[in-house]
Amino acid sequence: MADFTGALLSLFRKRCYAGWLYTVLLIAGLSLALPLSSTDRYGQTTVADEAISPPLGVAVLAGTVAGFIAHAIKFNKGYLLAVDRAYGAGQPIPGKYRSQLNNSHFAEAAYIREALRQQMEREQPVRP
């Protein structure tokens with residue numbers, strides 16, 4: 001049971017950190033939807049008269065926001081706790097999460113479990 005719980009925690013942690021990748025799409029969408037400015041070597045800033053492709057930029061921005069919201073909903077702390085409690089009560093891990101678990105998640109869980117065990121050993125008071 002601890003293996004699946006740790007692997008699930010690893011999956012959620014990695015997916016939550018991967019959410020920053022949406023900023024790349026956000027920047028691309030903004031650069032398409034809004035006029036760009038540039039600075040020459042003399043420090044003069046010029047702003048383009050129009051954006052590259054406002055309709056495409058707006059579509060990219062809308063898709064990015066929708067994708068980020070869907071990602072944030074699927075991998076939030078509340079779902080992790082609910083799935084962990086249900087798994088502890090004997091229910092299976094939902095297929096949408098189970099199918100994403102791989103060896104790296106189980107390896108990270110084992111590594112963290114061993115690191116915690118070693119830390120607890122170091123913190124135990126020495127008995128005479």
# chains A, B, ... in the order shown; residues from 1 in each chain; ligands from 1
>>> residues_around(residues="region 109-125 of chain A", least_positions_apart="4", cutoff="7 Å", atoms="only C-alpha atoms", output="PyMOL selection string")
chain A and resi 3+6-7+10+105
>>> residues_around(residues="region 91-102 of chain A", least_positions_apart="2", cutoff="12 Å", atoms="only C-alpha atoms", output="PyMOL selection string")
chain A and resi 1+3-12+14-15+74-75+79-89+104-109
>>> closest_residue(among="A:Leu26, A:Leu21, A:Leu34, A:Ala48", to="Val60 (chain A)", atoms="only C-alpha atoms")
A:Leu26
>>> select_by_dssp(residues="region 46-121 of chain A", states="alpha helix (DSSP H)", output="PyMOL selection string")
chain A and resi 54-74+77-88+95-98+103-121
>>> atom_distance(atom1="CA of Asn76 (chain A)", atom2="CA of Gly29 (chain A)")
25.2 Å
>>> select_by_dssp(residues="region 4-121 of chain A", states="strand (DSSP E)", output="list in words")
Ser37, Ser38, Thr39, Thr45, Thr46 and Val47 of chain A
>>> write_last_selection(atoms="N, CA, C and O atoms", output="PDB file, in the first residue's frame")
ATOM      1  N   SER A  37       6.871  45.294 -28.981  1.00  0.00           N
ATOM      2  CA  SER A  37       7.748  46.463 -28.978  1.00  0.00           C
ATOM      3  C   SER A  37       9.181  45.987 -29.090  1.00  0.00           C
ATOM      4  O   SER A  37       9.512  44.858 -28.725  1.00  0.00           O
ATOM      5  N   SER A  38      10.023  46.855 -29.604  1.00  0.00           N
ATOM      6  CA  SER A  38      11.442  46.523 -29.718  1.00  0.00           C
ATOM      7  C   SER A  38      12.261  47.754 -29.376  1.00  0.00           C
ATOM      8  O   SER A  38      11.803  48.884 -29.524  1.00  0.00           O
ATOM      9  N   THR A  39      13.442  47.527 -28.899  1.00  0.00           N
ATOM     10  CA  THR A  39      14.347  48.615 -28.531  1.00  0.00           C
ATOM     11  C   THR A  39      15.589  48.514 -29.398  1.00  0.00           C
ATOM     12  O   THR A  39      16.208  47.447 -29.484  1.00  0.00           O
ATOM     13  N   THR A  45      12.512  52.912 -28.120  1.00  0.00           N
ATOM     14  CA  THR A  45      11.533  51.833 -28.152  1.00  0.00           C
ATOM     15  C   THR A  45      10.476  52.141 -29.201  1.00  0.00           C
ATOM     16  O   THR A  45       9.944  53.252 -29.235  1.00  0.00           O
ATOM     17  N   THR A  46      10.192  51.169 -30.030  1.00  0.00           N
ATOM     18  CA  THR A  46       9.136  51.316 -31.023  1.00  0.00           C
ATOM     19  C   THR A  46       8.132  50.175 -30.830  1.00  0.00           C
ATOM     20  O   THR A  46       8.511  49.047 -30.526  1.00  0.00           O
ATOM     21  N   VAL A  47       6.871  50.508 -31.003  1.00  0.00           N
ATOM     22  CA  VAL A  47       5.801  49.523 -30.862  1.00  0.00           C
ATOM     23  C   VAL A  47       5.206  49.282 -32.241  1.00  0.00           C
ATOM     24  O   VAL A  47       4.932  50.225 -32.985  1.00  0.00           O
TER      25      VAL A  47
END
>>> atom_distance(atom1="CA of Ala51 (chain A)", atom2="CA of Thr23 (chain A)")
19.4 Å
>>> atom_distance(atom1="CA of Glu50 (chain A)", atom2="CA of Ile27 (chain A)")
17.0 Å
>>> closest_residue(among="A:Ala18, A:Val24, A:Ala33, A:Ile52", to="Thr64 (chain A)", atoms="only C-alpha atoms")
A:Val24
